[in-house]
>>> print(open('upload37.tsv').read())   # TSV, C-alpha atoms
chain	number	residue	atom	x	y	z
A	196	MET	CA	-34.68	2.52	4.12
A	197	THR	CA	-32.21	0.39	6.05
A	198	HIS	CA	-30.83	2.01	9.19
A	199	LEU	CA	-27.33	0.98	10.15
A	200	THR	CA	-26.25	0.80	13.74
A	201	PRO	CA	-23.27	3.00	14.61
A	202	THR	CA	-21.00	-0.04	14.54
A	203	GLN	CA	-22.13	-0.92	11.01
A	204	ALA	CA	-21.88	2.53	9.47
A	205	LEU	CA	-18.95	3.70	7.39
A	206	HIS	CA	-18.53	7.46	7.29
A	207	GLY	CA	-16.59	9.29	4.62
A	208	SER	CA	-15.73	12.04	7.08
A	209	ALA	CA	-14.09	9.48	9.40
A	210	ILE	CA	-12.08	8.03	6.51
A	211	ILE	CA	-10.90	11.48	5.43
A	212	GLN	CA	-9.84	12.38	8.96
A	213	ALA	CA	-7.93	9.11	9.25
A	214	LEU	CA	-6.23	9.59	5.88
A	215	LYS	CA	-4.92	12.95	7.04
A	216	GLN	CA	-3.67	11.41	10.28
A	217	ALA	CA	-1.91	8.78	8.15
A	218	ARG	CA	-0.09	11.66	6.41
A	219	VAL	CA	-1.84	11.14	3.07
A	220	GLU	CA	-1.64	14.37	1.05
A	221	PHE	CA	-2.80	13.32	-2.43
A	222	VAL	CA	-5.84	11.41	-3.64
A	223	LEU	CA	-5.86	10.11	-7.22
A	224	SER	CA	-9.25	9.13	-8.53
A	225	VAL	CA	-11.40	7.89	-11.33
A	226	PRO	CA	-14.97	8.33	-10.07
A	227	ASP	CA	-16.74	5.26	-8.69
A	228	ILE	CA	-20.46	5.29	-8.02
A	229	CYS	CA	-19.86	3.40	-4.74
A	230	THR	CA	-17.73	6.17	-3.25
A	231	SER	CA	-18.36	9.29	-5.31
A	232	GLU	CA	-20.97	10.81	-3.03
A	233	GLY	CA	-19.77	9.68	0.40
A	234	LEU	CA	-16.03	10.06	-0.11
A	235	LEU	CA	-14.90	11.62	-3.39
A	236	ARG	CA	-17.11	14.69	-3.16
A	237	PRO	CA	-16.00	15.63	0.37
A	238	ILE	CA	-12.38	14.96	-0.61
A	239	ALA	CA	-12.79	17.35	-3.55
A	240	ASN	CA	-13.94	20.02	-1.10
A	241	ASP	CA	-11.25	19.40	1.49
A	242	PRO	CA	-8.46	21.97	1.34
A	243	ASP	CA	-6.00	19.68	3.12
A	244	LEU	CA	-6.09	16.98	0.44
A	245	ARG	CA	-4.97	17.47	-3.16
A	246	LEU	CA	-7.36	15.62	-5.45
A	247	VAL	CA	-5.90	14.70	-8.84
A	248	ARG	CA	-8.54	13.46	-11.25
A	249	VAL	CA	-7.05	10.92	-13.66
A	250	CYS	CA	-8.66	9.63	-16.84
A	251	LYS	CA	-7.67	6.00	-16.29
A	252	GLU	CA	-6.76	4.10	-13.17
A	253	ASP	CA	-3.33	2.90	-14.33
A	254	GLU	CA	-2.25	6.54	-14.56
A	255	GLY	CA	-2.95	6.76	-10.85
A	256	VAL	CA	-0.74	3.74	-10.14
A	257	SER	CA	2.22	5.56	-11.69
A	258	VAL	CA	1.44	8.91	-10.08
A	259	CYS	CA	1.25	7.27	-6.64
A	260	ALA	CA	4.54	5.44	-7.21
A	261	ALA	CA	6.33	8.61	-8.31
A	262	LEU	CA	4.92	10.61	-5.39
A	263	SER	CA	6.39	8.06	-3.00
A	264	PHE	CA	9.86	8.83	-4.34
A	265	CYS	CA	9.17	12.44	-3.33
A	266	ALA	CA	8.28	11.39	0.23
A	267	LYS	CA	4.60	12.13	-0.42
A	268	ARG	CA	1.82	9.75	0.57
A	269	SER	CA	-1.20	9.19	-1.66
A	270	VAL	CA	-4.14	6.86	-2.19
A	271	LEU	CA	-5.78	5.78	-5.44
A	272	LEU	CA	-9.57	5.79	-5.16
A	273	MET	CA	-11.33	3.69	-7.81
A	274	GLN	CA	-13.77	0.90	-8.61
A	275	GLN	CA	-12.82	-2.76	-8.97
A	276	THR	CA	-13.22	-2.42	-12.73
A	277	GLY	CA	-10.30	0.00	-12.68
A	278	LEU	CA	-8.27	-2.44	-10.63
A	279	MET	CA	-8.77	-5.09	-13.29
A	280	ASP	CA	-7.94	-2.64	-16.04
A	281	SER	CA	-4.69	-1.72	-14.24
A	282	ALA	CA	-3.38	-5.25	-13.75
A	283	ASN	CA	-0.22	-4.83	-15.83
A	284	ALA	CA	0.70	-1.48	-14.29
A	285	LEU	CA	0.20	-2.98	-10.83
A	286	ARG	CA	2.24	-6.05	-11.73
A	287	ALA	CA	5.18	-3.95	-12.90
A	288	ILE	CA	5.09	-0.69	-10.98
A	289	ALA	CA	3.56	-1.72	-7.66
A	290	VAL	CA	4.66	-5.34	-7.23
A	291	ASP	CA	7.81	-5.89	-9.31
A	292	TYR	CA	9.18	-2.47	-8.40
A	293	ARG	CA	8.02	-2.70	-4.77
A	294	ASN	CA	6.33	0.69	-4.66
A	295	PRO	CA	3.83	1.66	-1.93
A	296	VAL	CA	0.80	2.10	-4.19
A	297	CYS	CA	-2.19	2.25	-1.80
A	298	MET	CA	-5.59	1.69	-3.37
A	299	MET	CA	-9.09	2.21	-1.97
A	300	ILE	CA	-11.50	0.24	-4.09
A	301	GLY	CA	-15.27	0.38	-4.34
A	302	LEU	CA	-16.88	-2.95	-5.18
A	303	LEU	CA	-19.75	-2.28	-7.56
A	304	GLY	CA	-22.52	-4.81	-6.94
A	305	LYS	CA	-21.22	-6.10	-3.61
A	306	GLU	CA	-23.79	-7.02	-1.01
A	307	PRO	CA	-23.04	-4.96	2.16
A	308	ASP	CA	-22.89	-7.79	4.67
A	309	VAL	CA	-21.28	-10.47	2.54
A	310	PRO	CA	-17.51	-10.94	2.29
A	311	PRO	CA	-16.28	-10.08	-1.23
A	312	GLN	CA	-15.19	-13.63	-1.98
A	313	GLN	CA	-18.70	-14.90	-1.13
A	314	SER	CA	-20.55	-12.37	-3.25
A	315	ALA	CA	-23.12	-13.65	-5.72
A	316	ARG	CA	-21.58	-11.30	-8.27
A	317	TYR	CA	-18.77	-12.78	-10.37
A	318	GLY	CA	-17.24	-9.31	-10.84
A	319	VAL	CA	-16.94	-8.92	-7.06
A	320	ARG	CA	-16.07	-12.51	-6.16
A	321	ILE	CA	-12.93	-12.58	-8.29
A	322	ILE	CA	-11.31	-9.48	-6.79
A	323	THR	CA	-9.62	-10.95	-3.70
A	324	PRO	CA	-8.31	-14.00	-5.62
A	325	MET	CA	-6.97	-11.60	-8.25
A	326	LEU	CA	-5.19	-9.55	-5.59
A	327	ASP	CA	-3.80	-12.77	-4.10
A	328	VAL	CA	-2.42	-13.79	-7.50
A	329	LEU	CA	-0.83	-10.36	-7.93
A	330	GLY	CA	0.64	-10.64	-4.44
A	331	ILE	CA	-1.06	-7.50	-3.16
A	332	ARG	CA	-2.12	-7.33	0.48
A	333	HIS	CA	-5.81	-6.57	0.91
A	334	LEU	CA	-8.22	-5.64	3.69
A	335	VAL	CA	-11.92	-4.91	3.81
A	336	MET	CA	-13.25	-1.65	5.29
A	337	SER	CA	-16.91	-2.24	6.17
A	338	SER	CA	-17.48	0.11	9.09
A	339	ASP	CA	-15.79	2.92	11.00
A	340	ALA	CA	-14.36	0.28	13.31
A	341	ASP	CA	-12.20	-1.00	10.42
A	342	ILE	CA	-10.64	2.39	9.69
A	343	PRO	CA	-7.75	2.25	12.21
A	344	SER	CA	-6.47	-1.11	10.97
A	345	CYS	CA	-6.68	0.10	7.38
A	346	MET	CA	-4.67	3.22	8.22
A	347	GLN	CA	-2.12	1.08	10.01
A	348	ALA	CA	-1.88	-0.96	6.82
A	349	ILE	CA	-1.13	2.25	4.89
A	350	ASP	CA	1.66	3.00	7.36
A	351	GLU	CA	3.03	-0.50	6.87
A	352	ALA	CA	2.78	-0.23	3.07
A	353	TYR	CA	5.02	2.85	3.14
A	354	GLU	CA	7.38	1.41	5.76
A	355	ARG	CA	7.81	-1.82	3.77
A	356	SER	CA	7.47	-0.21	0.34
A	357	GLN	CA	4.76	-2.53	-0.91
A	358	PRO	CA	1.30	-2.08	-2.45
A	359	LEU	CA	-1.98	-2.30	-0.57
A	360	ALA	CA	-5.64	-2.68	-1.53
A	361	ILE	CA	-8.42	-1.55	0.82
A	362	LEU	CA	-11.77	-2.87	-0.37
A	363	PHE	CA	-14.96	-1.10	0.64
A	364	GLY	CA	-17.35	-3.55	2.31
A	365	ARG	CA	-20.16	-1.03	2.02
A	366	ASN	CA	-20.54	2.38	0.48
A	367	PRO	CA	-19.30	5.21	2.72
A	368	GLN	CA	-21.99	7.70	3.68
B	192	MET	CA	6.64	18.46	-41.29
B	193	ASN	CA	8.85	15.46	-42.17
B	194	ALA	CA	11.49	13.77	-40.06
B	195	THR	CA	15.03	14.13	-41.34
B	196	ARG	CA	17.20	13.66	-38.27
B	197	PRO	CA	17.77	10.79	-35.82
B	198	ARG	CA	16.55	10.87	-32.25
B	199	ASP	CA	19.97	10.99	-30.63
B	200	GLU	CA	20.65	14.39	-32.23
B	201	PHE	CA	17.63	15.77	-30.37
B	202	LEU	CA	18.74	14.05	-27.17
B	203	ARG	CA	22.16	15.65	-27.45
B	204	THR	CA	20.44	19.01	-27.86
B	205	LEU	CA	18.44	18.38	-24.68
B	206	ALA	CA	21.61	17.28	-22.90
B	207	GLY	CA	23.24	20.55	-23.92
B	208	ARG	CA	20.47	22.52	-22.22
B	209	TYR	CA	20.14	20.22	-19.22
B	210	THR	CA	20.11	22.12	-15.92
B	211	GLY	CA	19.25	19.45	-13.36
B	212	GLN	CA	15.79	18.34	-14.46
B	213	LEU	CA	14.29	15.06	-13.28
B	214	VAL	CA	14.13	13.05	-16.50
B	215	VAL	CA	11.56	10.30	-17.02
B	216	SER	CA	12.32	8.30	-20.15
B	217	VAL	CA	10.94	5.27	-21.94
B	218	TYR	CA	12.71	2.19	-23.25
B	219	THR	CA	14.77	2.87	-26.40
B	220	THR	CA	14.79	6.62	-25.82
B	221	CYS	CA	15.81	5.89	-22.24
B	222	PHE	CA	18.75	3.74	-23.35
B	223	GLU	CA	20.03	6.50	-25.61
B	224	TRP	CA	19.50	9.19	-22.95
B	225	MET	CA	21.32	7.13	-20.29
B	226	ALA	CA	24.29	6.87	-22.64
B	227	ILE	CA	24.24	10.53	-23.69
B	228	ARG	CA	23.43	12.08	-20.29
B	229	PRO	CA	24.04	9.57	-17.49
B	230	ASP	CA	22.74	11.02	-14.23
B	231	ALA	CA	21.36	9.78	-10.93
B	232	LEU	CA	18.24	11.89	-11.52
B	233	ASN	CA	17.23	9.76	-14.51
B	234	TYR	CA	13.94	8.07	-13.61
B	235	VAL	CA	13.97	4.92	-15.72
B	236	ALA	CA	11.50	2.63	-13.91
B	237	VAL	CA	8.30	3.42	-15.80
B	238	GLY	CA	7.24	-0.23	-15.82
B	239	ALA	CA	4.93	-0.22	-18.81
B	240	MET	CA	4.22	1.63	-22.05
B	241	GLY	CA	1.89	4.59	-21.64
B	242	GLN	CA	3.00	5.35	-18.09
B	243	ALA	CA	5.87	7.81	-18.48
B	244	GLY	CA	3.78	10.97	-18.36
B	245	SER	CA	2.00	9.74	-15.23
B	246	HIS	CA	5.24	9.03	-13.40
B	247	ALA	CA	6.39	12.49	-14.42
B	248	LEU	CA	3.18	14.03	-13.14
B	249	GLY	CA	3.75	12.39	-9.77
B	250	LEU	CA	7.27	13.79	-9.62
B	251	ALA	CA	6.09	17.23	-10.73
B	252	LEU	CA	3.39	17.30	-8.04
B	253	GLY	CA	5.72	15.94	-5.39
B	254	GLN	CA	8.61	18.25	-6.29
B	255	PRO	CA	6.93	21.46	-7.46
B	256	ASP	CA	10.18	23.41	-7.37
B	257	GLN	CA	11.95	20.94	-9.63
B	258	GLU	CA	11.56	20.88	-13.41
B	259	VAL	CA	10.59	17.51	-14.89
B	260	TRP	CA	11.17	16.30	-18.45
B	261	VAL	CA	9.43	13.32	-20.03
B	262	LEU	CA	11.15	11.62	-22.98
B	263	ASP	CA	8.30	9.57	-24.39
B	264	GLY	CA	7.62	7.57	-27.52
B	265	ASP	CA	4.68	7.94	-29.87
B	266	GLY	CA	3.54	4.33	-29.41
B	267	SER	CA	3.78	4.70	-25.65
B	268	LEU	CA	1.81	7.93	-25.46
B	269	LEU	CA	-0.88	6.46	-27.71
B	270	MET	CA	-1.46	3.77	-25.09
B	271	ASN	CA	-2.61	6.44	-22.61
B	272	LEU	CA	-3.70	9.49	-24.57
B	273	GLY	CA	-6.08	10.40	-21.77
B	274	SER	CA	-3.01	11.19	-19.68
B	275	LEU	CA	-2.78	14.45	-21.68
B	276	VAL	CA	-6.18	15.45	-20.31
B	277	THR	CA	-5.08	14.47	-16.80
B	278	LEU	CA	-1.97	16.59	-17.27
B	279	ALA	CA	-4.01	19.55	-18.48
B	280	GLY	CA	-6.26	19.24	-15.44
B	281	ALA	CA	-3.42	19.00	-12.93
B	282	LYS	CA	-1.66	22.02	-14.52
B	283	PRO	CA	1.91	21.46	-13.33
B	284	LYS	CA	4.06	24.35	-14.53
B	285	ASN	CA	7.22	22.30	-14.07
B	286	LEU	CA	6.58	19.50	-16.56
B	287	THR	CA	7.59	19.33	-20.22
B	288	HIS	CA	6.54	16.28	-22.21
B	289	PHE	CA	8.75	15.52	-25.24
B	290	VAL	CA	7.25	12.96	-27.64
B	291	PHE	CA	9.73	11.33	-30.02
B	292	GLN	CA	7.65	10.42	-33.02
B	293	ASN	CA	9.20	7.81	-35.30
B	294	GLY	CA	6.00	6.03	-36.36
B	295	SER	CA	6.94	2.67	-34.89
B	296	TYR	CA	6.83	0.49	-31.80
B	297	GLU	CA	10.60	0.51	-31.67
B	298	ALA	CA	11.07	-1.59	-28.54
B	299	ASN	CA	8.83	-4.25	-30.05
B	300	GLY	CA	10.59	-4.92	-33.31
B	301	ARG	CA	9.99	-1.55	-35.02
B	302	ALA	CA	6.53	-2.57	-36.19
B	303	SER	CA	4.50	0.32	-37.58
B	304	LEU	CA	1.88	2.30	-35.68
B	305	PRO	CA	-1.69	1.70	-36.89
B	306	VAL	CA	-1.31	4.61	-39.33
B	307	ALA	CA	1.55	5.36	-41.69
B	308	HIS	CA	1.14	9.14	-41.64
B	309	ALA	CA	2.56	11.43	-38.96
B	310	ILE	CA	0.31	12.15	-35.99
B	311	ASP	CA	-0.16	15.70	-34.78
B	312	PHE	CA	0.53	15.26	-31.06
B	313	ALA	CA	0.80	19.02	-30.58
B	314	ALA	CA	-2.75	19.43	-31.86
B	315	MET	CA	-3.87	16.57	-29.61
B	316	ALA	CA	-2.23	18.26	-26.64
B	317	ARG	CA	-3.90	21.57	-27.42
B	318	ALA	CA	-7.24	19.82	-27.81
B	319	ALA	CA	-6.67	18.23	-24.41
B	320	GLY	CA	-6.07	21.63	-22.85
B	321	ILE	CA	-2.28	21.96	-22.99
B	322	ALA	CA	-1.85	25.32	-24.68
B	323	ASP	CA	1.96	25.27	-24.74
B	324	ALA	CA	2.32	22.64	-27.48
B	325	HIS	CA	4.75	22.58	-30.40
B	326	GLN	CA	5.92	20.54	-33.38
B	327	ILE	CA	9.64	20.47	-34.09
B	328	SER	CA	11.62	18.50	-36.66
B	329	GLU	CA	15.13	19.95	-36.37
B	330	PRO	CA	17.45	19.79	-33.34
B	331	GLU	CA	18.40	23.42	-33.99
B	332	ALA	CA	14.76	24.45	-33.65
B	333	LEU	CA	14.52	22.48	-30.42
B	334	ASP	CA	17.60	24.26	-29.12
B	335	HIS	CA	16.07	27.62	-30.04
B	336	TRP	CA	12.83	26.73	-28.25
B	337	LEU	CA	14.67	25.57	-25.12
B	338	LEU	CA	16.73	28.74	-25.06
B	339	HIS	CA	13.90	31.18	-25.65
B	340	ARG	CA	10.87	29.62	-23.98
B	341	GLY	CA	9.27	32.02	-21.54
B	342	PRO	CA	8.10	31.38	-18.01
B	343	ALA	CA	5.79	28.37	-17.94
B	344	THR	CA	2.13	28.92	-17.17
B	345	GLY	CA	1.28	25.23	-17.36
B	346	PRO	CA	2.61	21.97	-18.74
B	347	ALA	CA	4.21	21.91	-22.20
B	348	LEU	CA	4.34	19.26	-24.90
B	349	VAL	CA	6.83	19.12	-27.76
B	350	ASP	CA	6.15	16.74	-30.65
B	351	LEU	CA	9.55	15.84	-32.14
B	352	ARG	CA	9.63	14.27	-35.59
B	353	VAL	CA	12.57	11.85	-35.69
B	354	LEU	CA	13.81	9.28	-38.18
B	355	SER	CA	12.94	5.67	-37.57
B	356	SER	CA	16.21	3.80	-37.39
B	357	ALA	CA	17.61	0.94	-35.36
B	358	THR	CA	19.36	2.15	-32.24
B	359	SER	CA	23.03	1.41	-31.78
B	360	TYR	CA	22.98	2.16	-28.06
B	361	PRO	CA	23.16	-0.58	-25.38
B	362	GLN	CA	19.70	-1.82	-24.43
B	363	ARG	CA	19.96	-2.05	-20.65
B	364	TYR	CA	16.65	-3.63	-19.73
B	365	ASP	CA	18.09	-5.31	-16.65
B	366	TYR	CA	19.18	-1.94	-15.30
B	367	ILE	CA	15.96	0.00	-15.90
B	368	HIS	CA	13.95	-2.68	-14.08
B	369	SER	CA	16.46	-3.03	-11.24
B	370	ALA	CA	16.22	-2.04	-7.60
B	371	GLU	CA	19.59	-0.37	-8.13
B	372	ALA	CA	18.06	2.09	-10.63
B	373	ARG	CA	15.23	2.99	-8.27
B	374	ASP	CA	17.50	3.28	-5.24
B	375	THR	CA	19.92	5.47	-7.18
B	376	PHE	CA	17.15	7.86	-8.19
B	377	ARG	CA	15.62	7.88	-4.70
B	378	ALA	CA	18.94	8.73	-3.08
B	379	ALA	CA	19.67	11.48	-5.61
B	380	LEU	CA	16.22	12.98	-5.15
B	381	LYS	CA	16.51	12.87	-1.38
B	382	ALA	CA	19.81	14.72	-1.60
B	383	LEU	CA	18.19	17.64	-3.43
B	384	PRO	CA	17.20	20.70	-1.40
B	385	HIS	CA	13.56	20.81	-0.23
B	386	THR	CA	13.10	17.05	-0.39
B	387	GLY	CA	11.92	15.30	2.75
B	388	ALA	CA	12.53	11.81	4.02
B	389	ARG	CA	10.90	8.68	2.64
B	390	ALA	CA	7.09	8.84	2.72
>>> encode(input="upload37.tsv", output="structure tokens")
Amino acid sequence: MTHLTPTQALHGSAIIQALKQARVEFVLSVPDICTSEGLLRPIANDPDLRLVRVCKEDEGVSVCAALSFCAKRSVLLMQQTGLMDSANALRAIAVDYRNPVCMMIGLLGKEPDVPPQQSARYGVRIITPMLDVLGIRHLVMSSDADIPSCMQAIDEAYERSQPLAILFGRNPQ
Amino acid sequence: MNATRPRDEFLRTLAGRYTGQLVVSVYTTCFEWMAIRPDALNYVAVGAMGQAGSHALGLALGQPDQEVWVLDGDGSLLMNLGSLVTLAGAKPKNLTHFVFQNGSYEANGRASLPVAHAIDFAAMARAAGIADAHQISEPEALDHWLLHRGPATGPALVDLRVLSSATSYPQRYDYIHSAEARDTFRAALKALPHTGARA
């Protein structure tokens, strides 16, 4: 078993606390094996967050956009496969319409200490170039130390009304 | 249950019973609704087929005291049928999903759906877990349902059988995709009671 130093670890509880401080009230999700245990399950049990389970990720894109019109903040928790499946919804609803759709994306197959674009896995390596082509800002959250900058990016996404993708550098525990 | 009446007759019936709902509508149905019932609370920026119900769910969750109507098309709903299951799971009492079934992809040249026979969307909704689901083929029956429906215990779906015919209403694509449309809706929503500032 690999033991992470405190500076390497990424804790779901710290992410949840930060999401609440960032005024996020709703979490939309299609389960992702990278985050289902460390993040989705505790979110489901947290009375301060409303978890809405969607059948397909592009539904979540639209729900997040509509919630923003109601002055409600949300995040869409999914796997990179869902991101790829949602490309047209993101193109239209998040980018063309300039809506603050904030995504938190597990990268199935990513090596924990390798940047996504340098992954040996094609399905991981293409994600940041795809986000660049879509024109969606992206950051990597690999440890608890990355959480504040990611939450600041959520603030900025809502202030500027633009989409955001936070990529998990390792699985939250 | 066969279609005998055009869609705009049903839309005029809805307009007659309109009491301030947020209305999410899709493409050709949207163009007709904007002409029949122009209102700042028309949410027209759905972005893609299959997304209307999800936008409506976001509005229903974000504005739980406000009733939300979805004016969807059959081809659109078929692109995201799982959204009915999502809707059943979220259980918003303030959302009614109207599906205008004309058997064609009207915004894309009126090409036929994969099947020629009518689809039972009410049965699909019930199978998904939406108990309050109905099939209606006459505007008068829709009016009766709107007038006499009881207190909602969850989301509702109404499958409306309408004639397939070319629309004569202006097709305002530039408007529905515009920042003006989104800003108009946002300002109108913000002006409603119980709505906070921008997120």
>>> residues_around(input="upload37.tsv", residues="Asp374 of chain B", least_positions_apart="6", cutoff="10 Å", atoms="all atoms listed in the file", output="list in words")
Phe264 of chain A; Ala231 and Leu380 of chain B
>>> write_last_selection(input="upload37.tsv", atoms="C-alpha atoms", output="JSON list (two decimals), keeping the file's coordinate frame")
[["chain", "number", "residue", "atom", "x", "y", "z"],
["A", 264, "PHE", "CA", 9.86, 8.83, -4.34],
["B", 231, "ALA", "CA", 21.36, 9.78, -10.93],
["B", 380, "LEU", "CA", 16.22, 12.98, -5.15]]
>>> residues_near_point(input="upload37.tsv", point="(18.5, -1.7, -11.5)", cutoff="12 Å", atoms="all atoms listed in the file", output="PyMOL selection string")
(chain A and resi 291-292) or (chain B and resi 231+233-236+363-376)
>>> closest_residue(input="upload37.tsv", among="B:Ser274, B:Asn193, B:Ser355, B:Ser267", to="Met315 of chain B", atoms="all atoms listed in the file")
B:Ser274
>>> atom_distance(input="upload37.tsv", atom1="atom CA of Ala379 of chain B", atom2="atom CA of Ala261 of chain A")
13.9 Å
>>> interface_residues(input="upload37.tsv", of="chain A", to="chain B", cutoff="9 Å", atoms="only C-alpha atoms", output="count of residues only")
32
>>> residues_around(input="upload37.tsv", residues="Ser295 of chain B", least_positions_apart="5", cutoff="10 Å", atoms="all atoms listed in the file", output="list in words")
Gly264, Asp265, Gly266, Ser267, Gly300, Arg301, Ala302, Ser303, Leu304, Pro305, Val306, Ala307, Ser355 and Ser356 of chain B
>>> write_last_selection(input="upload37.tsv", atoms="C-alpha atoms", output="compact mmCIF listing (two decimals), in the frame of the given file")
# COMPACT_ATOMS: atom_id res chain seq x y z
CA GLY B 264 7.62 7.57 -27.52
CA ASP B 265 4.68 7.94 -29.87
CA GLY B 266 3.54 4.33 -29.41
CA SER B 267 3.78 4.70 -25.65
CA GLY B 300 10.59 -4.92 -33.31
CA ARG B 301 9.99 -1.55 -35.02
CA ALA B 302 6.53 -2.57 -36.19
CA SER B 303 4.50 0.32 -37.58
CA LEU B 304 1.88 2.30 -35.68
CA PRO B 305 -1.69 1.70 -36.89
CA VAL B 306 -1.31 4.61 -39.33
CA ALA B 307 1.55 5.36 -41.69
CA SER B 355 12.94 5.67 -37.57
CA SER B 356 16.21 3.80 -37.39
>>> residues_around(input="upload37.tsv", residues="Asp327 of chain A", least_positions_apart="4", cutoff="12 Å", atoms="all atoms listed in the file", output="PyMOL selection string")
chain A and resi 286+290+312+321-323+331-334+358-360
>>> atom_distance(input="upload37.tsv", atom1="atom CA of Ala309 of chain B", atom2="atom CA of Thr220 of chain B")
18.6 Å
>>> atom_distance(input="upload37.tsv", atom1="atom CA of Asp334 of chain B", atom2="atom CA of Phe201 of chain B")
8.6 Å
>>> residues_around(input="upload37.tsv", residues="Arg236 of chain A", least_positions_apart="5", cutoff="12 Å", atoms="all atoms listed in the file", output="count of residues only")
18
>>> closest_residue(input="upload37.tsv", among="A:Leu303, A:Val270, A:Leu235, A:Cys297", to="Lys215 of chain A", atoms="all atoms listed in the file")
A:Val270
>>> residues_around(input="upload37.tsv", residues="Asp199 of chain B", least_positions_apart="5", cutoff="10 Å", atoms="all atoms listed in the file", output="list in words")
Thr204, Leu205, Thr220, Glu223, Trp224, Ala226, Ile227, Pro330, Val353, Leu354, Thr358 and Tyr360 of chain B
>>> closest_residue(input="upload37.tsv", among="A:Gln216, A:Gln275, A:Asn294, A:Ser314", to="Ser356 of chain A", atoms="only C-alpha atoms")
A:Asn294
>>> decode(input="upload37.tsv", residues="segment 256-267 of chain A", atoms="N, CA, C and O atoms", output="PDB file, in the first residue's frame")
ATOM      1  N   VAL A 256     -25.170  19.331 -17.311  1.00  0.00           N
ATOM      2  CA  VAL A 256     -24.739  20.613 -17.884  1.00  0.00           C
ATOM      3  C   VAL A 256     -25.921  21.587 -17.890  1.00  0.00           C
ATOM      4  O   VAL A 256     -25.809  22.745 -17.461  1.00  0.00           O
ATOM      5  N   SER A 257     -27.069  21.107 -18.347  1.00  0.00           N
ATOM      6  CA  SER A 257     -28.247  21.980 -18.432  1.00  0.00           C
ATOM      7  C   SER A 257     -28.803  22.326 -17.060  1.00  0.00           C
ATOM      8  O   SER A 257     -29.223  23.470 -16.826  1.00  0.00           O
ATOM      9  N   VAL A 258     -28.803  21.372 -16.151  1.00  0.00           N
ATOM     10  CA  VAL A 258     -29.316  21.652 -14.801  1.00  0.00           C
ATOM     11  C   VAL A 258     -28.434  22.722 -14.143  1.00  0.00           C
ATOM     12  O   VAL A 258     -28.949  23.680 -13.545  1.00  0.00           O
ATOM     13  N   CYS A 259     -27.122  22.572 -14.255  1.00  0.00           N
ATOM     14  CA  CYS A 259     -26.215  23.568 -13.660  1.00  0.00           C
ATOM     15  C   CYS A 259     -26.452  24.954 -14.267  1.00  0.00           C
ATOM     16  O   CYS A 259     -26.465  25.962 -13.548  1.00  0.00           O
ATOM     17  N   ALA A 260     -26.610  25.002 -15.578  1.00  0.00           N
ATOM     18  CA  ALA A 260     -26.827  26.298 -16.239  1.00  0.00           C
ATOM     19  C   ALA A 260     -28.110  26.944 -15.720  1.00  0.00           C
ATOM     20  O   ALA A 260     -28.129  28.128 -15.375  1.00  0.00           O
ATOM     21  N   ALA A 261     -29.185  26.159 -15.662  1.00  0.00           N
ATOM     22  CA  ALA A 261     -30.467  26.716 -15.219  1.00  0.00           C
ATOM     23  C   ALA A 261     -30.411  27.139 -13.752  1.00  0.00           C
ATOM     24  O   ALA A 261     -30.982  28.176 -13.379  1.00  0.00           O
ATOM     25  N   LEU A 262     -29.724  26.378 -12.926  1.00  0.00           N
ATOM     26  CA  LEU A 262     -29.593  26.763 -11.516  1.00  0.00           C
ATOM     27  C   LEU A 262     -28.890  28.111 -11.386  1.00  0.00           C
ATOM     28  O   LEU A 262     -29.211  28.902 -10.495  1.00  0.00           O
ATOM     29  N   SER A 263     -27.946  28.379 -12.267  1.00  0.00           N
ATOM     30  CA  SER A 263     -27.218  29.651 -12.161  1.00  0.00           C
ATOM     31  C   SER A 263     -28.141  30.837 -12.414  1.00  0.00           C
ATOM     32  O   SER A 263     -27.942  31.913 -11.848  1.00  0.00           O
ATOM     33  N   PHE A 264     -29.158  30.648 -13.254  1.00  0.00           N
ATOM     34  CA  PHE A 264     -30.136  31.719 -13.458  1.00  0.00           C
ATOM     35  C   PHE A 264     -30.922  31.991 -12.174  1.00  0.00           C
ATOM     36  O   PHE A 264     -31.454  33.078 -11.984  1.00  0.00           O
ATOM     37  N   CYS A 265     -31.020  30.985 -11.327  1.00  0.00           N
ATOM     38  CA  CYS A 265     -31.752  31.104 -10.059  1.00  0.00           C
ATOM     39  C   CYS A 265     -30.838  31.535  -8.917  1.00  0.00           C
ATOM     40  O   CYS A 265     -31.225  31.444  -7.748  1.00  0.00           O
ATOM     41  N   ALA A 266     -29.626  31.977  -9.246  1.00  0.00           N
ATOM     42  CA  ALA A 266     -28.660  32.413  -8.236  1.00  0.00           C
ATOM     43  C   ALA A 266     -28.235  31.263  -7.328  1.00  0.00           C
ATOM     44  O   ALA A 266     -27.961  31.465  -6.146  1.00  0.00           O
ATOM     45  N   LYS A 267     -28.200  30.063  -7.868  1.00  0.00           N
ATOM     46  CA  LYS A 267     -27.777  28.879  -7.118  1.00  0.00           C
ATOM     47  C   LYS A 267     -26.501  28.318  -7.740  1.00  0.00           C
ATOM     48  O   LYS A 267     -26.433  28.121  -8.956  1.00  0.00           O
TER      49      LYS A 267
END
